[in-house]
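structure.tsv (TSV, C-alpha atoms and all ligand atoms) appears below.
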```tsv
chain	number	residue	atom	x	y	z
A	13	MET	CA	92.54	231.12	66.58
A	14	LYS	CA	91.75	227.60	65.62
A	15	ASN	CA	95.21	227.29	64.16
A	16	PHE	CA	96.68	228.61	67.30
A	17	LEU	CA	94.74	226.09	69.43
A	18	ASP	CA	95.71	223.29	67.07
A	19	LYS	CA	99.33	224.36	67.38
A	20	ILE	CA	99.20	224.35	71.17
A	21	LEU	CA	97.36	221.02	71.27
A	22	THR	CA	99.74	219.43	68.78
A	23	HIS	CA	102.63	220.81	70.78
A	24	ASP	CA	101.22	219.45	74.05
A	25	VAL	CA	100.45	216.06	72.56
A	26	SER	CA	103.96	215.97	71.30
A	27	ILE	CA	105.30	216.69	74.81
A	28	VAL	CA	103.04	214.07	76.34
A	29	LEU	CA	104.13	211.57	73.74
A	30	LEU	CA	107.75	212.49	74.31
A	31	VAL	CA	107.40	212.16	78.08
A	32	ALA	CA	105.54	208.86	77.68
A	33	LEU	CA	108.24	207.59	75.37
A	34	SER	CA	110.93	208.65	77.83
A	35	PHE	CA	109.19	206.89	80.72
A	36	PHE	CA	108.77	203.79	78.62
A	37	GLY	CA	112.46	203.88	77.72
A	38	VAL	CA	113.54	204.31	81.35
A	39	PHE	CA	111.14	201.56	82.42
A	40	LYS	CA	112.52	199.19	79.79
A	41	TYR	CA	116.07	200.03	80.83
A	42	ILE	CA	115.27	199.39	84.50
A	43	GLU	CA	113.56	196.13	83.55
A	44	TYR	CA	116.62	195.12	81.55
A	45	ARG	CA	118.97	195.99	84.44
A	46	MET	CA	116.76	194.11	86.90
A	47	SER	CA	116.79	190.96	84.83
A	48	PHE	CA	120.60	191.30	84.40
A	49	ILE	CA	121.07	191.67	88.17
A	50	SER	CA	118.73	188.76	88.88
A	51	GLU	CA	120.72	186.66	86.37
A	52	GLN	CA	123.94	187.61	88.18
A	53	ILE	CA	122.39	186.68	91.54
A	54	ASN	CA	121.37	183.29	90.14
A	55	LYS	CA	124.90	182.75	88.86
A	56	ILE	CA	126.37	183.66	92.26
A	57	GLU	CA	123.87	181.28	93.88
A	58	VAL	CA	125.05	178.46	91.58
A	59	ASP	CA	128.71	179.30	92.28
A	60	LYS	CA	127.97	179.36	96.02
A	61	ASN	CA	126.38	175.90	95.87
A	62	GLU	CA	129.32	174.54	93.92
A	63	LEU	CA	131.75	176.08	96.38
A	64	THR	CA	129.81	174.60	99.30
A	65	LYS	CA	130.02	171.18	97.63
A	66	LYS	CA	133.77	171.62	97.12
A	67	VAL	CA	134.23	172.66	100.77
A	68	ILE	CA	132.29	169.58	101.94
A	69	ASN	CA	134.41	167.45	99.65
A	70	LEU	CA	137.62	169.02	100.97
A	71	GLU	CA	136.48	168.50	104.56
A	72	GLY	CA	135.97	164.83	103.75
A	73	ILE	CA	139.47	164.60	102.27
A	74	ILE	CA	140.96	166.34	105.33
A	75	ARG	CA	139.14	163.96	107.67
A	76	GLY	CA	140.36	161.00	105.63
A	77	THR	CA	143.92	162.32	105.72
A	78	GLU	CA	143.71	162.91	109.46
A	79	SER	CA	142.51	159.37	110.09
A	80	ASN	CA	145.28	158.07	107.80
A	81	ILE	CA	147.85	160.07	109.77
A	82	LYS	CA	146.36	158.73	113.01
A	83	GLY	CA	146.51	155.20	111.60
A	84	GLU	CA	150.15	155.69	110.64
A	85	GLN	CA	150.94	157.15	114.05
A	86	GLU	CA	149.29	154.15	115.72
A	87	LYS	CA	151.30	151.81	113.50
A	88	ASN	CA	154.48	153.72	114.40
A	89	ASN	CA	153.63	153.59	118.11
A	90	SER	CA	152.96	149.88	117.92
A	91	LEU	CA	156.27	149.38	116.09
A	92	ALA	CA	158.06	151.50	118.69
A	93	ASN	CA	156.45	149.41	121.46
A	94	GLN	CA	157.50	146.19	119.76
A	95	PHE	CA	161.01	147.60	119.36
A	96	ASN	CA	161.12	148.54	123.07
A	97	GLU	CA	159.86	145.10	124.04
A	98	ILE	CA	162.53	143.44	121.91
A	99	THR	CA	165.20	145.76	123.36
A	100	ASN	CA	164.03	144.94	126.89
A	101	THR	CA	163.99	141.22	126.16
A	102	VAL	CA	167.48	141.39	124.65
A	103	GLY	CA	168.63	143.42	127.68
A	104	ALA	CA	167.12	140.90	130.11
A	105	LEU	CA	168.58	137.97	128.17
A	106	SER	CA	172.02	139.55	128.03
A	107	LYS	CA	171.81	140.28	131.78
A	108	LEU	CA	170.64	136.72	132.41
A	109	SER	CA	173.48	135.29	130.31
A	110	LYS	CA	175.93	137.24	132.48
A	111	THR	CA	174.30	136.14	135.76
A	112	ASP	CA	175.53	133.01	137.49
A	113	PRO	CA	172.51	130.63	137.44
A	114	GLU	CA	173.77	128.89	140.62
A	115	LEU	CA	173.00	132.00	142.69
A	116	LEU	CA	169.31	131.13	143.03
A	117	LYS	CA	169.49	127.33	143.20
A	118	LYS	CA	168.58	125.37	146.31
A	119	TYR	CA	171.51	123.67	148.00
A	120	SER	CA	170.66	121.30	150.76
A	121	LYS	CA	169.52	118.02	149.29
A	122	VAL	CA	168.43	118.74	145.75
A	123	TYR	CA	171.33	120.45	143.97
A	124	PHE	CA	175.01	120.49	144.62
A	125	LEU	CA	178.02	122.46	143.49
A	126	ASN	CA	181.09	120.70	142.16
A	127	GLU	CA	184.55	121.10	143.63
A	128	HIS	CA	185.58	123.53	140.89
A	129	TYR	CA	182.74	125.99	141.48
A	130	VAL	CA	183.97	129.36	142.72
A	131	PRO	CA	182.10	132.68	142.69
A	132	ILE	CA	183.01	134.99	139.81
A	133	SER	CA	184.53	137.53	142.22
A	134	LEU	CA	185.05	137.67	145.99
A	135	THR	CA	185.55	140.69	148.23
A	136	GLU	CA	186.70	140.80	151.82
A	137	VAL	CA	184.11	141.93	154.38
A	138	GLY	CA	185.16	145.24	155.98
A	139	PRO	CA	186.63	145.00	159.54
A	140	ASP	CA	183.69	146.92	161.03
A	141	TYR	CA	181.25	144.37	159.64
A	142	ARG	CA	182.78	141.16	161.00
A	143	SER	CA	182.78	139.59	164.43
A	144	LEU	CA	186.47	138.72	164.47
A	145	LYS	CA	188.61	141.52	163.12
A	146	SER	CA	191.37	138.97	162.40
A	147	ASN	CA	189.27	136.74	160.14
A	148	ASN	CA	189.16	137.86	156.53
A	149	TYR	CA	185.69	136.66	155.57
A	150	LYS	CA	184.95	136.98	151.89
A	151	VAL	CA	181.62	137.35	150.07
A	152	HIS	CA	180.45	137.53	146.46
A	153	SER	CA	181.59	141.01	145.34
A	154	ASN	CA	178.15	142.03	144.06
A	155	ILE	CA	176.47	141.64	147.45
A	156	VAL	CA	178.91	143.90	149.33
A	157	PRO	CA	176.85	147.11	148.90
A	158	TYR	CA	173.69	145.33	150.12
A	159	LEU	CA	175.46	143.73	153.07
A	160	ASP	CA	177.14	146.97	154.17
A	161	LYS	CA	173.92	148.96	153.80
A	162	MET	CA	171.99	146.39	155.87
A	163	ILE	CA	174.55	146.31	158.69
A	164	ASP	CA	174.74	150.14	158.70
A	165	ALA	CA	170.92	150.38	158.85
A	166	GLY	CA	170.95	148.03	161.86
A	167	LYS	CA	173.65	150.12	163.57
A	168	ALA	CA	171.52	153.24	163.08
A	169	GLU	CA	168.81	151.44	165.09
A	170	ASN	CA	171.26	150.25	167.79
A	171	VAL	CA	171.36	146.73	166.40
A	172	SER	CA	174.79	145.24	165.83
A	173	VAL	CA	174.67	142.48	163.22
A	174	LEU	CA	178.13	141.09	162.40
A	175	VAL	CA	179.46	138.56	159.89
A	176	GLN	CA	180.60	135.33	161.57
A	177	SER	CA	181.13	133.21	158.47
A	178	ALA	CA	180.81	133.84	154.75
A	179	TYR	CA	182.31	132.21	151.64
A	180	ARG	CA	183.68	128.72	152.12
A	181	SER	CA	185.31	126.86	149.25
A	182	PHE	CA	184.52	123.22	148.49
A	183	ALA	CA	187.84	122.23	150.15
A	184	GLU	CA	187.24	124.43	153.20
A	185	GLN	CA	183.77	122.94	153.66
A	186	ALA	CA	185.24	119.43	153.31
A	187	ALA	CA	187.92	120.19	155.91
A	188	LEU	CA	185.35	121.78	158.25
A	189	LYS	CA	183.02	118.80	157.93
A	190	SER	CA	185.73	116.19	158.58
A	191	ASN	CA	186.90	118.25	161.54
A	192	TYR	CA	183.33	118.24	162.95
A	193	LYS	CA	183.10	114.49	162.35
A	194	VAL	CA	186.28	113.98	164.42
A	195	ILE	CA	185.00	116.19	167.23
A	196	TYR	CA	181.28	115.24	167.28
A	197	GLY	CA	181.10	111.96	165.36
A	198	ALA	CA	179.60	111.63	161.86
A	199	GLY	CA	175.99	111.32	163.07
A	200	THR	CA	176.01	114.55	165.06
A	201	ALA	CA	178.12	116.44	162.48
A	202	ASN	CA	175.67	115.55	159.69
A	203	ARG	CA	172.88	117.16	161.67
A	204	PHE	CA	174.41	120.65	161.65
A	205	SER	CA	177.03	120.75	158.91
A	206	ALA	CA	176.44	120.32	155.20
A	207	ASP	CA	178.62	118.06	153.11
A	208	GLN	CA	180.99	119.80	150.74
A	209	GLY	CA	179.10	120.84	147.61
A	210	TYR	CA	175.78	121.07	149.41
A	211	SER	CA	176.60	124.21	151.33
A	212	GLU	CA	175.23	127.59	150.32
A	213	HIS	CA	178.46	129.07	151.66
A	214	GLN	CA	180.27	127.94	148.50
A	215	LEU	CA	178.17	130.52	146.56
A	216	GLY	CA	179.65	133.49	148.43
A	217	THR	CA	176.13	134.84	148.93
A	218	ALA	CA	175.35	133.02	152.22
A	219	ILE	CA	176.40	134.56	155.52
A	220	ASP	CA	176.24	133.44	159.14
A	221	PHE	CA	175.47	136.43	161.35
A	222	THR	CA	176.17	136.89	164.99
A	223	THR	CA	176.35	139.71	167.51
A	224	LEU	CA	178.70	140.62	170.34
A	225	LYS	CA	175.69	140.07	172.67
A	226	THR	CA	176.27	136.30	172.27
A	227	ASN	CA	180.04	136.84	172.32
A	228	GLY	CA	180.10	135.98	168.64
A	229	ALA	CA	178.41	132.60	169.11
A	230	LEU	CA	175.80	131.31	166.66
A	231	GLU	CA	173.78	129.42	169.26
A	232	GLY	CA	171.27	131.68	170.95
A	233	PHE	CA	171.34	134.19	168.08
A	234	ASP	CA	167.55	133.87	167.66
A	235	LYS	CA	167.06	135.25	171.20
A	236	THR	CA	168.79	138.54	170.31
A	237	PRO	CA	167.29	141.82	169.04
A	238	GLU	CA	169.68	141.43	166.06
A	239	TYR	CA	167.85	138.30	164.89
A	240	LYS	CA	164.45	139.98	165.35
A	241	TRP	CA	165.71	142.99	163.39
A	242	LEU	CA	166.91	140.75	160.52
A	243	VAL	CA	163.52	138.99	160.39
A	244	ASP	CA	161.81	142.38	160.00
A	245	ASN	CA	164.33	144.15	157.77
A	246	ALA	CA	166.80	141.86	155.95
A	247	TYR	CA	164.49	141.45	152.93
A	248	LYS	CA	164.89	145.17	152.15
A	249	TYR	CA	168.55	144.44	151.40
A	250	GLY	CA	167.91	141.18	149.52
A	251	PHE	CA	168.59	138.70	152.34
A	252	VAL	CA	166.38	135.81	153.46
A	253	ILE	CA	166.78	133.18	156.15
A	254	SER	CA	167.53	129.87	154.41
A	255	TYR	CA	166.49	127.38	157.09
A	256	PRO	CA	163.86	128.91	159.40
A	257	ALA	CA	162.25	127.10	162.33
A	258	GLY	CA	160.10	124.19	161.22
A	259	ASN	CA	161.57	123.92	157.69
A	260	THR	CA	161.71	120.44	156.18
A	261	TYR	CA	165.01	120.88	154.32
A	262	TYR	CA	167.61	121.36	156.96
A	263	LYS	CA	167.97	122.03	160.64
A	264	TYR	CA	166.89	125.41	162.00
A	265	GLU	CA	169.67	127.96	161.46
A	266	PRO	CA	168.60	131.44	162.65
A	267	TRP	CA	172.07	132.84	161.91
A	268	HIS	CA	172.30	131.61	158.31
A	269	TRP	CA	171.04	134.14	155.72
A	270	ARG	CA	171.38	134.16	151.99
A	271	TYR	CA	171.33	136.99	149.45
A	272	VAL	CA	168.62	136.35	146.81
A	273	GLY	CA	168.05	139.93	145.56
A	274	VAL	CA	165.67	142.61	146.83
A	275	ALA	CA	162.76	141.70	144.51
A	276	LEU	CA	162.66	138.00	145.44
A	277	ALA	CA	163.35	138.63	149.15
A	278	THR	CA	160.50	141.17	149.23
A	279	LYS	CA	158.16	138.74	147.45
A	280	LEU	CA	159.02	135.95	149.94
A	281	HIS	CA	158.61	138.33	152.89
A	282	GLU	CA	155.23	139.64	151.69
A	283	ASP	CA	153.86	136.19	150.85
A	284	LYS	CA	155.35	134.72	154.07
A	285	ILE	CA	156.97	131.79	152.25
A	286	ASN	CA	160.43	130.30	152.60
A	287	PHE	CA	162.94	130.35	149.77
A	288	TYR	CA	163.16	126.55	149.84
A	289	ASP	CA	159.37	126.20	149.63
A	290	MET	CA	159.10	128.24	146.43
A	291	ASP	CA	159.06	126.50	143.07
A	292	GLN	CA	162.51	126.66	141.43
A	293	ARG	CA	160.93	127.78	138.13
A	294	LEU	CA	159.34	130.79	139.88
A	295	ILE	CA	162.60	131.56	141.70
A	296	ASP	CA	164.49	131.55	138.37
A	297	ASN	CA	162.34	134.46	137.12
A	298	TYR	CA	164.20	136.69	139.59
A	299	LEU	CA	167.72	135.70	138.48
A	300	ALA	CA	168.26	138.41	135.83
A	301	ASN	CA	167.51	141.17	138.35
A	302	ILE	CA	169.23	139.66	141.38
A	303	PHE	CA	171.67	142.58	141.73
A	304	ASP	CA	169.21	145.41	140.83
B	401	ZN	ZN	175.75	129.00	157.39
```
This entry written out as C-alpha cells:
Amino acid sequence: MKNFLDKILTHDVSIVLLVALSFFGVFKYIEYRMSFISEQINKIEVDKNELTKKVINLEGIIRGTESNIKGEQEKNNSLANQFNEITNTVGALSKLSKTDPELLKKYSKVYFLNEHYVPISLTEVGPDYRSLKSNNYKVHSNIVPYLDKMIDAGKAENVSVLVQSAYRSFAEQAALKSNYKVIYGAGTANRFSADQGYSEHQLGTAIDFTTLKTNGALEGFDKTPEYKWLVDNAYKYGFVISYPAGNTYYKYEPWHWRYVGVALATKLHEDKINFYDMDQRLIDNYLANIFD
C-alpha cells in the first residue's frame, strides 16, 4: 500500500515538475520573443528618426533649389527686360534717324529752312478736300491720312473744312512775298507774309484752311463753325494752330494749322499751351513718333 502511495505521489510530483518545467520553458520563450520584438521596435524607431532627418534635409534642399530657380528666373526676366529696353531704344533711334528733324522746329523768327530744303515726299490733296478744284495743293505724304480723316470727320458733323494753301517751296514763297510787297508795300507785306525760309509751308506739314462759307477767303475764317470745330477737334488728327490770337511770334492766323503728330497735339491741347510756347527740347521728344 505504501509502495502504491509512493508510486502515485512520485508520479504526481513528476507531472507537476513536468508541467512546471513546461510553463517555465514557455515563459522563457515568450520573454525571449518579447525582448526580440522590443529590440525590433527600437530599431524601427531609430530608422524612423533617421528617415525623418533625411526628409527634413531633402525639404531644405528642395527649398534651396526652388529659390535658386526663382533667382535664375528673376535674372532671366531682368535680362529679358533689358533686352526689350535695348530693342525699344534701337527701334526709337532708328525711327528718329529716319524722321526729318525739321518737322518739329519753330519757323517764324528763330529757325529757317534753306532754299534747298524740300520735304522727303509730297502728295497732292484730293479734289474733295481743297477749296479750288483746279489748284493742285501738295502736302507731306505722311500727313495725308490724318488730313483726310480730319476733313471727313468734320463733314460727318456738317462742317466743311477745305485746304486753301499747303506746301510752298522756297522759290514759291519768295515769289509770293515779292508779289505782296509790290501790291501792299514791304511794310504791310511783312506783317502777314513770312520771308522765304521762315515759312512753315515749306515743310509740307502746314495748311491754310478755309470754307465755302467765306467763299474760300482766309479773312473771317475764325467766325465760322469750321474754325470752332478745328479748335475742338484738330488735335485728334495731329494738327495745331501755329499762330493763335495773342501769340508773340507772329500775327494771328486762325486759318494756318500745322501737323505736329497726335501725341504732341494732344499734349498741347490738354495743357492749353501753344506749340511756339513749348520748349524746343520738350517738343523734340515727340519727333520719333510724329507719324504714329
Ligand atoms: Zn499759312
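Compared by their closest atoms to ligand ZN 401 (chain B), and using only C-alpha atoms and all ligand atoms, the residues A:Ser172, A:Gln214, A:Asn100, A:Thr64 rank with A:Gln214 nearest.
Of the residues under consideration (A:Lys65, A:Lys193, A:His213, A:Lys235), A:His213 shows the shortest atom-to-atom contact distance to Arg270 (chain A) when counting only C-alpha atoms.
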How would you report the residues lying within 7 Å of ligand ZN 401 (chain B), as a list in words, if you count all atoms listed in the file? Ser177, His213, Ala218, Ile219, Asp220, Trp267 and His268 of chain A
Spatial neighbours of region 138-144 of chain A, 7 Å, all atoms listed in the file, chain gap at least 6 places, as number ranges by chain: A: 174-176, 228
Residues of the last selection are to be written out with C-alpha atoms, as a PDB file, in the coordinates of the input.
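See result_4.pdb below for the written result:
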```pdb
ATOM      1  CA  LEU A 174     178.130 141.090 162.400  1.00  0.00           C
ATOM      2  CA  VAL A 175     179.460 138.560 159.890  1.00  0.00           C
ATOM      3  CA  GLN A 176     180.600 135.330 161.570  1.00  0.00           C
ATOM      4  CA  GLY A 228     180.100 135.980 168.640  1.00  0.00           C
TER       5      GLY A 228
END
```
For CA of Thr77 (chain A) and CA of Leu63 (chain A), the interatomic separation in Å (one decimal): 20.6 Å
Using all atoms listed in the file, which protein or nucleic acid residues come within 12 Å of Lys167 (chain A)? Drop anything in the same chain fewer than 2 positions from it, and give the result as a PyMOL selection string. chain A and resi 140-141+160-165+169-174+223+237-238+241-242
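Counting from CA of Lys240 (chain A), the distance to CA of Gly166 (chain A) is 10.9 Å.
Coordinates place CA of Asn148 (chain A) at a distance of 6.1 Å from CA of Glu136 (chain A).
Closest approach to Ser211 (chain A) among A:Tyr149, A:Phe36, A:Tyr262, A:Phe287: A:Tyr262, based on all atoms listed in the file.
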Region 157-273 of chain A near region 289-297 of chain A within 12 Å: what's each residue's closest atom pair and its distance in Å to one decimal, counting all atoms listed in the file, ordered by chain then ascending residue number, as a tab-separated table?
```
residue	atom	partner	partner_atom	distance
A:Ser254	CA	A:Asp289	CA	10.1
A:Tyr255	CA	A:Asp289	CA	10.4
A:Pro256	CA	A:Asp289	CA	11.1
A:Gly258	CA	A:Asp289	CA	11.8
A:Asn259	CA	A:Asp289	CA	8.7
A:Thr260	CA	A:Asp289	CA	9.0
A:Tyr261	CA	A:Asp289	CA	9.1
A:Val272	CA	A:Ile295	CA	9.2
A:Gly273	CA	A:Ile295	CA	10.7
```
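Each of A:Asp244, A:Arg45, A:Leu159, A:Lys263 was checked against Asn202 (chain A) using only C-alpha atoms; the smallest atom-to-atom distance is that of A:Lys263.
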Padded axis-aligned box of region 225-230 of chain A (4 Å per side), centre and edge lengths, Å, one decimal, as lines of an AutoDock Vina configuration file:
```
center_x = 177.9
center_y = 135.7
center_z = 169.7
size_x = 12.4
size_y = 16.8
size_z = 14.0
```
Shell of 9 Å around region 155-157 of chain A, all atoms listed in the file, local chain residues under 6 positions omitted, as a PDB file with C-alpha atoms, in the frame of the given file:
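The result, written out as part-v4.pdb:
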```pdb
ATOM      1  CA  THR A 135     185.550 140.690 148.230  1.00  0.00           C
ATOM      2  CA  GLU A 136     186.700 140.800 151.820  1.00  0.00           C
ATOM      3  CA  VAL A 137     184.110 141.930 154.380  1.00  0.00           C
ATOM      4  CA  GLY A 216     179.650 133.490 148.430  1.00  0.00           C
ATOM      5  CA  THR A 217     176.130 134.840 148.930  1.00  0.00           C
ATOM      6  CA  GLY A 250     167.910 141.180 149.520  1.00  0.00           C
ATOM      7  CA  TYR A 271     171.330 136.990 149.450  1.00  0.00           C
ATOM      8  CA  GLY A 273     168.050 139.930 145.560  1.00  0.00           C
ATOM      9  CA  PHE A 303     171.670 142.580 141.730  1.00  0.00           C
TER      10      PHE A 303
END
```
Mind filling out region 70-83 of chain A with N, CA and C atoms and sending it as a JSON list (two decimals), keeping the file's coordinate frame?
```
[["chain", "number", "residue", "atom", "x", "y", "z"],
["A", 70, "LEU", "N", 136.29, 168.81, 100.37],
["A", 70, "LEU", "CA", 137.62, 169.02, 100.97],
["A", 70, "LEU", "C", 137.64, 168.57, 102.42],
["A", 71, "GLU", "N", 136.55, 168.89, 103.14],
["A", 71, "GLU", "CA", 136.48, 168.50, 104.56],
["A", 71, "GLU", "C", 136.59, 166.98, 104.69],
["A", 72, "GLY", "N", 135.91, 166.30, 103.77],
["A", 72, "GLY", "CA", 135.97, 164.83, 103.75],
["A", 72, "GLY", "C", 137.40, 164.35, 103.54],
["A", 73, "ILE", "N", 138.07, 164.99, 102.55],
["A", 73, "ILE", "CA", 139.47, 164.60, 102.27],
["A", 73, "ILE", "C", 140.35, 164.83, 103.49],
["A", 74, "ILE", "N", 140.14, 166.03, 104.15],
["A", 74, "ILE", "CA", 140.96, 166.34, 105.33],
["A", 74, "ILE", "C", 140.74, 165.30, 106.42],
["A", 75, "ARG", "N", 139.44, 164.96, 106.63],
["A", 75, "ARG", "CA", 139.14, 163.96, 107.67],
["A", 75, "ARG", "C", 139.81, 162.63, 107.36],
["A", 76, "GLY", "N", 139.73, 162.26, 106.07],
["A", 76, "GLY", "CA", 140.36, 161.00, 105.63],
["A", 76, "GLY", "C", 141.85, 161.04, 105.88],
["A", 77, "THR", "N", 142.47, 162.18, 105.53],
["A", 77, "THR", "CA", 143.92, 162.32, 105.72],
["A", 77, "THR", "C", 144.27, 162.23, 107.20],
["A", 78, "GLU", "N", 143.44, 162.93, 108.01],
["A", 78, "GLU", "CA", 143.71, 162.91, 109.46],
["A", 78, "GLU", "C", 143.66, 161.48, 110.00],
["A", 79, "SER", "N", 142.62, 160.74, 109.55],
["A", 79, "SER", "CA", 142.51, 159.37, 110.09],
["A", 79, "SER", "C", 143.65, 158.50, 109.56],
["A", 80, "ASN", "N", 144.11, 158.80, 108.30],
["A", 80, "ASN", "CA", 145.28, 158.07, 107.80],
["A", 80, "ASN", "C", 146.51, 158.35, 108.64],
["A", 81, "ILE", "N", 146.69, 159.68, 108.96],
["A", 81, "ILE", "CA", 147.85, 160.07, 109.77],
["A", 81, "ILE", "C", 147.79, 159.37, 111.12],
["A", 82, "LYS", "N", 146.56, 159.37, 111.71],
["A", 82, "LYS", "CA", 146.36, 158.73, 113.01],
["A", 82, "LYS", "C", 146.72, 157.24, 112.92],
["A", 83, "GLY", "N", 146.22, 156.62, 111.83],
["A", 83, "GLY", "CA", 146.51, 155.20, 111.60],
["A", 83, "GLY", "C", 148.00, 154.95, 111.52]]
```
